[in-house]
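Here is the structure we will look at.
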Amino acid sequence: MRRGCISQGNIKCDSCGMMVPYAGRYMTVEEADGEETSEGGETKNYCVKCCVKKKYAEYREEKGDKVLTFFHEEKKLS
């Protein structure tokens with residue numbers, strides 16, 4: 001399960017070790033064996049840079065601006 005969060009200044013990224021600054025965005029993900037899971041698993045914190053690298057987040061073009069999103073794009077049904 002993914003949860004987008006705002007740092008209170010004491011969050012460390014579990015991937016790169018960087019401290020997420022106060023009011024910085026990060027994501028909490030439940031993982032089992034390195035894969036995202038919805039039940040159980042270990043809770044990991046990731047900075048935005050690591051979220052993008054692990055494909056938990058992506059930048060999209062919306063109305064001419066680059067926007068960061070933690071949501072998956074829905075597949076269009078025919």
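Letters A, B, ... go to the chains of the structure tokens in the order shown; residues in each chain start at 1; ligands are counted from 1 in the same order.
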Task: Contacts of A:Lys54 at 12 Å (only C-alpha atoms; same-chain gap of 2+ positions) as number ranges by chain - done: A: 15-16, 27, 29, 34-36, 46-52, 56-58, 70
Open item on the list: If you run DSSP on the backbone here, which positions in stretch 2-78 of chain A get strand (DSSP E or B)? Please write them as a count of residues only.
Closed with: 35
- [ ] Tell me, as a PyMOL selection string, which residues lie within 8 Å of A:Ala32, counting only C-alpha atoms; anything in the same chain fewer than 5 positions away does not count.
- [x] chain A and resi 37+40-42
Using the selection just defined, write its residues with N, CA and C atoms as a compact mmCIF listing (two decimals), in the first residue's frame.
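Contents of the output file part_0.txt:
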# COMPACT_ATOMS: atom_id res chain seq x y z
N THR A 37 3.19 -4.59 -1.59
CA THR A 37 2.15 -5.51 -1.17
C THR A 37 1.05 -4.73 -0.45
N GLY A 40 0.47 -6.88 5.10
CA GLY A 40 1.70 -7.18 5.81
C GLY A 40 2.90 -6.51 5.16
N GLY A 41 4.04 -7.14 5.29
CA GLY A 41 5.24 -6.59 4.70
C GLY A 41 5.88 -5.55 5.61
N GLU A 42 7.02 -5.08 5.18
CA GLU A 42 7.79 -4.09 5.92
C GLU A 42 7.50 -2.70 5.36
TODO: Just list the residues in chain A DSSP gives alpha helix (DSSP H) on the backbone, as a ChimeraX atom specification.
DONE: /A:48-53
- [ ] Would you mind listing what lies within 7 Å of A:Thr43 as a list of chain:residue names, with only C-alpha atoms counted and same-chain residues fewer than 5 positions away left out?
- [x]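 After dropping sequence-adjacent residues, the list is A:Thr28, A:Val29, A:Glu30, A:Glu31.
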Same residues, N, CA, C and O atoms, saved as a short mmCIF file (atom, residue, chain, number, x, y, z; two decimals), in the first residue's frame:
data_model
loop_
_atom_site.label_atom_id
_atom_site.label_comp_id
_atom_site.auth_asym_id
_atom_site.auth_seq_id
_atom_site.Cartn_x
_atom_site.Cartn_y
_atom_site.Cartn_z
N THR A 28 5.46 6.39 1.76
CA THR A 28 5.58 5.22 2.61
C THR A 28 4.95 4.06 1.84
O THR A 28 3.80 4.16 1.39
N VAL A 29 5.70 2.97 1.69
CA VAL A 29 5.26 1.82 0.91
C VAL A 29 5.43 0.56 1.74
O VAL A 29 6.46 0.38 2.39
N GLU A 30 4.42 -0.31 1.73
CA GLU A 30 4.56 -1.62 2.36
C GLU A 30 5.13 -2.58 1.32
O GLU A 30 4.56 -2.73 0.24
N GLU A 31 6.27 -3.20 1.66
CA GLU A 31 6.94 -4.11 0.73
C GLU A 31 7.23 -5.44 1.38
O GLU A 31 7.51 -5.52 2.57
#
Task: d(atom CA of A:Met19, atom CA of A:Asn45) in Å - done: 10.5 Å
Env of A:Gly24: 9 Å cut, atoms = only C-alpha atoms, seq-sep filter 4 positions within chain, self excluded. Answer as a PDB file with C-alpha atoms, in the first residue's frame.
ATOM      1  CA  CYS A   5       3.277  12.017   2.984  1.00  0.00           C
ATOM      2  CA  ILE A   6       4.734  15.383   4.023  1.00  0.00           C
ATOM      3  CA  SER A   7       7.870  15.266   6.176  1.00  0.00           C
ATOM      4  CA  GLN A   8       8.048  16.789   9.636  1.00  0.00           C
ATOM      5  CA  GLY A   9      11.827  16.913   9.232  1.00  0.00           C
ATOM      6  CA  VAL A  20      13.721  14.333   3.669  1.00  0.00           C
ATOM      7  CA  CYS A  47      12.213  10.282  -1.089  1.00  0.00           C
ATOM      8  CA  VAL A  48      10.731  11.588  -4.347  1.00  0.00           C
TER       9      VAL A  48
END
TODO: Would you list the contacts of A:Arg60 as a list of chain:residue names, taking every protein, DNA or RNA residue within 12 Å and counting only C-alpha atoms, but skipping same-chain residues closer than 5 positions in sequence?
DONE: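 In the requested form, the answer reads A:Val52, A:Asp65, A:Lys66, A:Val67, A:Leu68, A:Thr69, A:Phe70, A:Phe71, A:His72, A:Glu73.
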Please produce an output containing all heavy atoms for each residue in the selection, written as a short mmCIF file (atom, residue, chain, number, x, y, z; two decimals), in the first residue's frame.
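Printed below is selection12.cif as written:
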data_model
loop_
_atom_site.label_atom_id
_atom_site.label_comp_id
_atom_site.auth_asym_id
_atom_site.auth_seq_id
_atom_site.Cartn_x
_atom_site.Cartn_y
_atom_site.Cartn_z
N VAL A 52 10.62 7.85 -7.96
CA VAL A 52 10.64 7.90 -9.42
C VAL A 52 11.54 6.78 -9.95
O VAL A 52 11.17 6.08 -10.90
CB VAL A 52 11.11 9.28 -9.92
CG1 VAL A 52 11.33 9.27 -11.42
CG2 VAL A 52 10.09 10.35 -9.54
N ASP A 65 2.42 21.91 -17.85
CA ASP A 65 3.32 21.84 -16.69
C ASP A 65 3.69 20.40 -16.40
O ASP A 65 2.92 19.48 -16.65
CB ASP A 65 2.64 22.43 -15.45
CG ASP A 65 2.46 23.93 -15.53
OD1 ASP A 65 3.32 24.59 -16.15
OD2 ASP A 65 1.48 24.43 -14.96
N LYS A 66 4.86 20.21 -15.81
CA LYS A 66 5.32 18.89 -15.39
C LYS A 66 4.83 18.69 -13.95
O LYS A 66 5.12 19.50 -13.07
CB LYS A 66 6.85 18.86 -15.44
CG LYS A 66 7.45 17.53 -15.59
CD LYS A 66 8.95 17.68 -15.80
CE LYS A 66 9.58 16.33 -16.01
NZ LYS A 66 11.03 16.45 -16.14
N VAL A 67 4.05 17.62 -13.73
CA VAL A 67 3.43 17.37 -12.42
C VAL A 67 3.86 16.00 -11.92
O VAL A 67 3.84 15.02 -12.64
CB VAL A 67 1.89 17.42 -12.55
CG1 VAL A 67 1.22 17.11 -11.24
CG2 VAL A 67 1.43 18.75 -13.08
N LEU A 68 4.23 15.93 -10.64
CA LEU A 68 4.59 14.66 -10.01
C LEU A 68 3.33 13.99 -9.49
O LEU A 68 2.51 14.62 -8.82
CB LEU A 68 5.55 14.89 -8.85
CG LEU A 68 5.93 13.64 -8.05
CD1 LEU A 68 6.83 12.73 -8.88
CD2 LEU A 68 6.63 14.03 -6.77
N THR A 69 3.17 12.70 -9.78
CA THR A 69 2.03 11.96 -9.27
C THR A 69 2.47 10.60 -8.73
O THR A 69 3.40 9.99 -9.25
CB THR A 69 0.93 11.77 -10.34
OG1 THR A 69 -0.17 11.08 -9.75
CG2 THR A 69 1.44 11.00 -11.53
N PHE A 70 1.81 10.17 -7.66
CA PHE A 70 2.07 8.86 -7.08
C PHE A 70 1.03 7.84 -7.52
O PHE A 70 1.04 6.71 -7.07
CB PHE A 70 2.06 8.94 -5.54
CG PHE A 70 3.17 9.78 -4.97
CD1 PHE A 70 2.90 10.88 -4.19
CD2 PHE A 70 4.49 9.47 -5.22
CE1 PHE A 70 3.91 11.65 -3.64
CE2 PHE A 70 5.52 10.24 -4.68
CZ PHE A 70 5.23 11.32 -3.89
N PHE A 71 0.12 8.25 -8.42
CA PHE A 71 -0.95 7.37 -8.86
C PHE A 71 -0.61 6.73 -10.20
O PHE A 71 0.00 7.34 -11.05
CB PHE A 71 -2.27 8.15 -8.99
CG PHE A 71 -2.73 8.74 -7.70
CD1 PHE A 71 -2.59 10.09 -7.46
CD2 PHE A 71 -3.28 7.93 -6.72
CE1 PHE A 71 -3.01 10.65 -6.25
CE2 PHE A 71 -3.70 8.48 -5.52
CZ PHE A 71 -3.57 9.83 -5.29
N HIS A 72 -1.07 5.49 -10.37
CA HIS A 72 -0.89 4.78 -11.65
C HIS A 72 -1.87 5.31 -12.66
O HIS A 72 -2.98 5.70 -12.32
CB HIS A 72 -1.18 3.28 -11.48
CG HIS A 72 -0.20 2.57 -10.62
ND1 HIS A 72 1.09 2.37 -10.99
CD2 HIS A 72 -0.33 2.02 -9.39
CE1 HIS A 72 1.72 1.70 -10.05
NE2 HIS A 72 0.88 1.49 -9.06
N GLU A 73 -1.48 5.29 -13.92
CA GLU A 73 -2.41 5.67 -14.99
C GLU A 73 -3.31 4.49 -15.26
O GLU A 73 -2.85 3.37 -15.43
CB GLU A 73 -1.65 6.07 -16.24
CG GLU A 73 -2.57 6.62 -17.30
CD GLU A 73 -1.80 7.22 -18.47
OE1 GLU A 73 -0.68 7.68 -18.25
OE2 GLU A 73 -2.34 7.20 -19.58
#
- [ ] Rounded to one decimal place, report the atom CA of A:Met1-atom CA of A:Lys63 distance in Å.
- [x] 28.9 Å
TODO: Record the distance separating atom CA of A:Arg25 and atom CA of A:Ile11, expressed in Å with one decimal.
DONE: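 If I compute the distance from atom CA of A:Arg25 to atom CA of A:Ile11, I get 10.1 Å.
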